[in-house]
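Let me begin by presenting the structure, written as structure tokens, before commenting on it.
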Amino acid sequence: MNLLGISCFYHDSAASLLKDGKIAAAVQEERFSREKNTSAFPINAVNYCVQAGGISFEDLDAVVFHEKPFLKFARVVSEHIRSYPFSFTNFMRTMPHWLSDRLSLPIILEKEIGYTGKIFFVKHHLSHAAAAFLASPFDEAAIMTVDGVGEWATATVGKGAGGKVEIFGELRYPDSLGLLYTAVTSYLGFEANGGEGKVMGLAGYGEPVYLDKFREIVKIAEDGSFKLDESYFGFNRASRMFSRKFLRTFGPARRREREIEKRHEDIAASLQIFLEEVLLKMAVFVRNKTGCRRLCAAGGVFLNCVANARILAEAGFEDIFVQPASGDSGGALGAALYADNVLYGEPRRYEMEHAYLGPEFSRSEIYRALVNNDIAYEELPEEEIIRRTAAALSEGKIAGWFRGRTELGPRALGNRSILADPTDPAMKDILNRKIKHREPFRPFAPSVLEEEAEDYFELKVRSPFMLLAPRVKKEKKNTIPAVTHVDGTARVQTVSRRTNPSYWRLIDRFRSVKGVPMLLNTSFNLRGEPIVNSPHDAVSCFRSSGLDLLVMGDFIAEKR
Amino acid sequence: MFQDRKICKRCVMPESKPDIRLNEEGVCNLCLEYEKNKGRQKKQRPPLESDLTALLKKYRTKGEYDCLVMCSGGKDSTAALYFMKKRYKLNPLAFTFDNGFETEEALENARSASEKLGADHLLFKTDKMKKMFADAVKRHPEVVLCHLCSIWYMDLTFRMAERFDIPVIVAGWTRGQSTERAGVAEYRYGKDRREFTGMGEATRRFLKEYTRENPGYRDFPKSIEEVIKKARKRHRTVEISPHWFLPYSEEEYTDLITKELGWKAPENSYPAKSTNCGLNFLSVYNSMKHYGYTHYHVEMSKMIRAGLMTRDEALESLAINFDKELLNFWAAKLGHRFEEI
């Protein structure tokens, strides 16, 4: 059976193909269209998934959409009416989108891909829940999903067992942790739906002096449910997501690219701690209610690796699986899994051991990109590529590492990564100056050999998707300064020899040169751009940035 | 065999004044124009397979055949037939046209592919063009024989589509052969394209005079534009190639048809690893002599600019790999002999 999962029309469009119960391909549309977090119908991603799955459009048994558009539309209309007249501008702006595409998926599918077959619509949070549990290695687990908003739900708790996913509690709009985080993100001068990670990074610098304010604005119950005081926000307004009352409480909003004050850091820190408090309560509640020892989580909020680490450490779970594509892109994957395991009742046959589900490129495609762009290169056996790259990295050089299939989700996990030496205290600044141009307060992450992670981090489980931020062991902090955040944590990716052998061997080789079993790993892109997808994208990035080295497949190019 | 000409440093087009000129850095005006337009043009996404499936669905009728596949037995057209039948599960009518110069191995490839795929196969073989070809080779070597032939076989193809009420014509045109608006299927030689100006003018001039002077060819179309215009009035079709939409490389689909259909690569071909009729060798020879390039150079240059091929790959493929004997073997069939080679 071939099921095509689709998520789109809000942000982070993606497609996935489930072939006989296993994910054959999944990728975000932004990787092709080069428009970050695009909400467009994922036409390129759909084409890729069908082709990568070795099937044709004729072979699709069903298309599964990650939410129920009419339910969502009902919420949007009723909430705009409730917020009238403040919502008028926003209403006028969004309605054309609803009427032209969001409500007419069958028409869009026929027009875009000539598909007229069966279509399923799975509720937004059920898609997240399915992406979390049905892709996890667990037979039974508690489930939490938390994001901005789906149809009505903003967070759900439930349980997964075998091929079943049950949701037994939900919070509804406007009580939303995701929207709260996004509102504060935009208040702090970062882009909504994209800049949330920056707030998490900034939080490490501040003190939670505003924690009580957040507790005042959002009343939390013991089970983790909460009531948000709407007078502080304006989610339906076109101009901004926060109200004058919010400004009176926290002071004037920061304008983009303006200086960051201590107040901003403290607000970020308070929000982060508050978020963790709520999630912890929810997690404890769902653990008690289900009696499960493992937790599966998805939804954009779970990209917060600091909160995830705290849940793992304090909520009483033995293990946690956080869907690597926790944002809406994972909805495409979850919806397809839900249709297969729940609607069709097929047994579970998939475990998401890695996120390498996107396009890969042949030798000749890489070769042509290099030659046609006049890049001097050498083609070498893999062993030599690894040896040369590790040597260059240990000399302080920065490498673009492009091998195998693109990762699903927002993290580069060693196939579309920029790599550097984590032991160099100056590396963060060098990277920012030469390539990434990120805000200086944002940390870089380490990719560590799975077998050696415990020696460096307070981490008892694997973290293959860079979604846990454990504390760096005290005695190691000075060894890996470039990947240790100011608060003493690190956004760790544990690298498995089985799922990414060449990346594992590169790190292992680096260890033999430098004595540290890890590399600094940041996504292969320039600021504001999506992660590179094709060899052509990688070459463009290599040419226009301060990268010293480009490795693509078995080709290596070095700037002299 | 041919005089060496300066070749563009980026593509494989030689200097061929007045249409193709190289600047001081050795880059041709076609590449420079491409570069200039690339920045100006609104970014369009490349054609995708879903565009093809949507198109096939749109044009699907209740007729007996879903599409007419122009299958010469070459790798590109055999793969096109394979995709229509296997990938899109259509009922194609394979149409092979033999101008009297097709090789046995090419015809066998077309026959065997149709049989293995269970597709009906129509073979049209005629010597009707022989006199025109012979006269062109002997007296008008500037005329591109392939252009004459394609005007004729496209006319025939349209008539076959009309005869069997088929709405979609499928060919094995590569991305290098397609027009800029791939998918819309404007099948033109592009008289407005500089690289075809000289060739196009020579063909038009020849046809105009020749059909006037030879009553047997009076009804012969004067240009591809005329063919299309008349065909549109009679019967509505869309003309497409799956290769415009699919991501598979030439190597991939050649492997596929070799494994699945037992397709055999030709012993002699130009460019390398391609199947073409015997007349192609004569056409290539004359084009090289008169213009310094062939339509294959134009196609491959376009592929290089699009990043689908490297210059070295194209140069290797375009190296003249046939000799005087082979050339004269085919020329003899037209009562001609190239003495001065």
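In the structure tokens, chains take the letters A, B, ... in the order shown, each chain's residues start at 1, and ligands count up from 1 in the order shown.
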May I have the residues within 8 Å of Ala80 in chain B as a ChimeraX atom specification, using only C-alpha atoms and disregarding those fewer than 2 positions away in the same chain?
/B:69,71,76-78,82-84,170-172,241-243
Per residue of chain B within 8 Å of chain A, what are the shortest atom pair and its distance in Å to one decimal, counting only C-alpha atoms, with rows by chain and residue number, as a tab-separated table?
```
residue	atom	partner	partner_atom	distance
B:Arg45	CA	A:Ser33	CA	7.8
B:Leu48	CA	A:Asn47	CA	6.9
B:Glu49	CA	A:Asn47	CA	6.5
B:Ser50	CA	A:Ile113	CA	4.4
B:Asp51	CA	A:Ile113	CA	6.4
B:Thr53	CA	A:Gly114	CA	5.6
B:Ala54	CA	A:Gly114	CA	4.0
B:Leu55	CA	A:Gly114	CA	7.6
B:Lys57	CA	A:Gly114	CA	6.0
B:Lys58	CA	A:Gly114	CA	7.9
B:Arg87	CA	A:Ser56	CA	5.9
B:Tyr88	CA	A:Glu58	CA	6.4
B:Lys89	CA	A:Glu58	CA	7.6
B:Ile304	CA	A:Asn372	CA	7.6
B:Gly307	CA	A:Asn372	CA	6.5
B:Leu308	CA	A:Arg368	CA	7.0
B:Met309	CA	A:Arg368	CA	6.2
B:Thr310	CA	A:Arg368	CA	5.6
B:Arg311	CA	A:Asn372	CA	7.9
```
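By chain and then residue number, the residues within 10 Å of Tyr210 in chain B are B:Met132, B:Asp135, B:Ala136, B:Arg204, B:Arg205, B:Phe206, B:Asn214, B:Pro215, B:Tyr217, B:Arg218, B:Phe220, B:Lys222, counting only C-alpha atoms and disregarding those fewer than 4 positions away in sequence.
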Keeping only N, CA and C atoms, write the selected residues as a tab-separated table (two decimals), in the first residue's frame.
```tsv
chain	number	residue	atom	x	y	z
B	132	MET	N	14.24	13.58	-52.79
B	132	MET	CA	14.53	14.88	-52.18
B	132	MET	C	15.84	14.83	-51.38
B	135	ASP	N	18.82	14.77	-53.83
B	135	ASP	CA	19.07	16.09	-54.42
B	135	ASP	C	19.68	17.06	-53.41
B	136	ALA	N	19.19	16.97	-52.21
B	136	ALA	CA	19.71	17.87	-51.16
B	136	ALA	C	21.18	17.54	-50.89
B	204	ARG	N	14.29	26.31	-45.28
B	204	ARG	CA	13.11	27.01	-45.83
B	204	ARG	C	13.31	27.37	-47.31
B	205	ARG	N	14.47	27.91	-47.59
B	205	ARG	CA	14.77	28.31	-48.95
B	205	ARG	C	14.72	27.10	-49.89
B	206	PHE	N	15.36	26.03	-49.45
B	206	PHE	CA	15.42	24.82	-50.26
B	206	PHE	C	14.00	24.28	-50.51
B	214	ASN	N	9.52	20.61	-58.30
B	214	ASN	CA	9.28	19.17	-58.40
B	214	ASN	C	7.82	18.85	-58.08
B	215	PRO	N	7.02	18.60	-59.11
B	215	PRO	CA	5.59	18.40	-58.91
B	215	PRO	C	5.27	17.27	-57.94
B	217	TYR	N	6.48	16.67	-55.20
B	217	TYR	CA	6.57	17.13	-53.80
B	217	TYR	C	5.74	18.40	-53.57
B	218	ARG	N	4.80	18.66	-54.48
B	218	ARG	CA	4.06	19.91	-54.39
B	218	ARG	C	3.32	20.08	-53.05
B	220	PHE	N	4.19	18.86	-50.24
B	220	PHE	CA	5.09	18.73	-49.08
B	220	PHE	C	5.07	20.04	-48.27
B	222	LYS	N	6.07	23.28	-46.18
B	222	LYS	CA	7.25	24.13	-46.38
B	222	LYS	C	8.03	24.38	-45.08
```
Pick the closest to Gly200 in chain B from B:Ser223, B:Asn276, B:Thr61, B:Thr254: which is it, counting only C-alpha atoms?
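Using only C-alpha atoms, Gly200 in chain B sits closest to B:Ser223.
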For range 142-154 of chain B: contacts at 8 Å, only C-alpha atoms, fewer than 6 positions along chain excluded, given as a count of residues only:
20
Non-local contacts of Val278 in chain A (8 Å; only C-alpha atoms; under 6 positions in same chain excluded) as a short mmCIF file (atom, residue, chain, number, x, y, z; two decimals) with N, CA and C atoms, in the first residue's frame:
```cif
data_model
loop_
_atom_site.label_atom_id
_atom_site.label_comp_id
_atom_site.auth_asym_id
_atom_site.auth_seq_id
_atom_site.Cartn_x
_atom_site.Cartn_y
_atom_site.Cartn_z
N ILE A 220 -1.79 27.87 35.68
CA ILE A 220 -1.56 26.43 35.44
C ILE A 220 -2.27 25.60 36.50
N GLY A 224 -1.23 20.24 34.42
CA GLY A 224 -0.49 20.86 33.31
C GLY A 224 -1.40 21.64 32.38
N SER A 225 -2.72 21.51 32.56
CA SER A 225 -3.60 22.33 31.73
C SER A 225 -3.51 23.78 32.23
#
```
Go ahead and compute the interatomic distance for CA of Met427 in chain A and CA of Cys305 in chain A, in Å to one decimal.
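These two atoms are separated by 22.3 Å.
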For range 143-148 of chain A, please output as number ranges by chain all residues within 6 Å (counting only C-alpha atoms; exclusion window: fewer than 2 positions along the same chain).
A: 154-159, 176, 178-179, 295-301
Residues within 8 Å of Glu35 in chain A, please, as number ranges by chain. Count only C-alpha atoms; anything in the same chain fewer than 5 positions from it doesn't count.
A: 30, 529-530
Just the number, please: distance in Å from CA of Ala399 in chain A to CA of Phe457 in chain A, one decimal.
24.7 Å
Residues flagged alpha helix (DSSP H) by DSSP in range 315-531 of chain A, as a ChimeraX atom specification:
/A:329-338,363-372,382-394,427-431,453-456,501-514
Quick one, how far is CA of Ala265 in chain B from CA of Thr103 in chain B?
11.8 Å
Find the residue from A:Gly546, A:Gly316, A:Gly528, A:Pro410 that sits nearest to Lys397 in chain A; use only C-alpha atoms when measuring.
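Of all the options, A:Gly546 lies closest to Lys397 in chain A.
Nearest residue to Asp312 in chain B, choosing from B:Glu33, B:Met300, B:Leu327, B:Glu209 and counting only C-alpha atoms: B:Met300.
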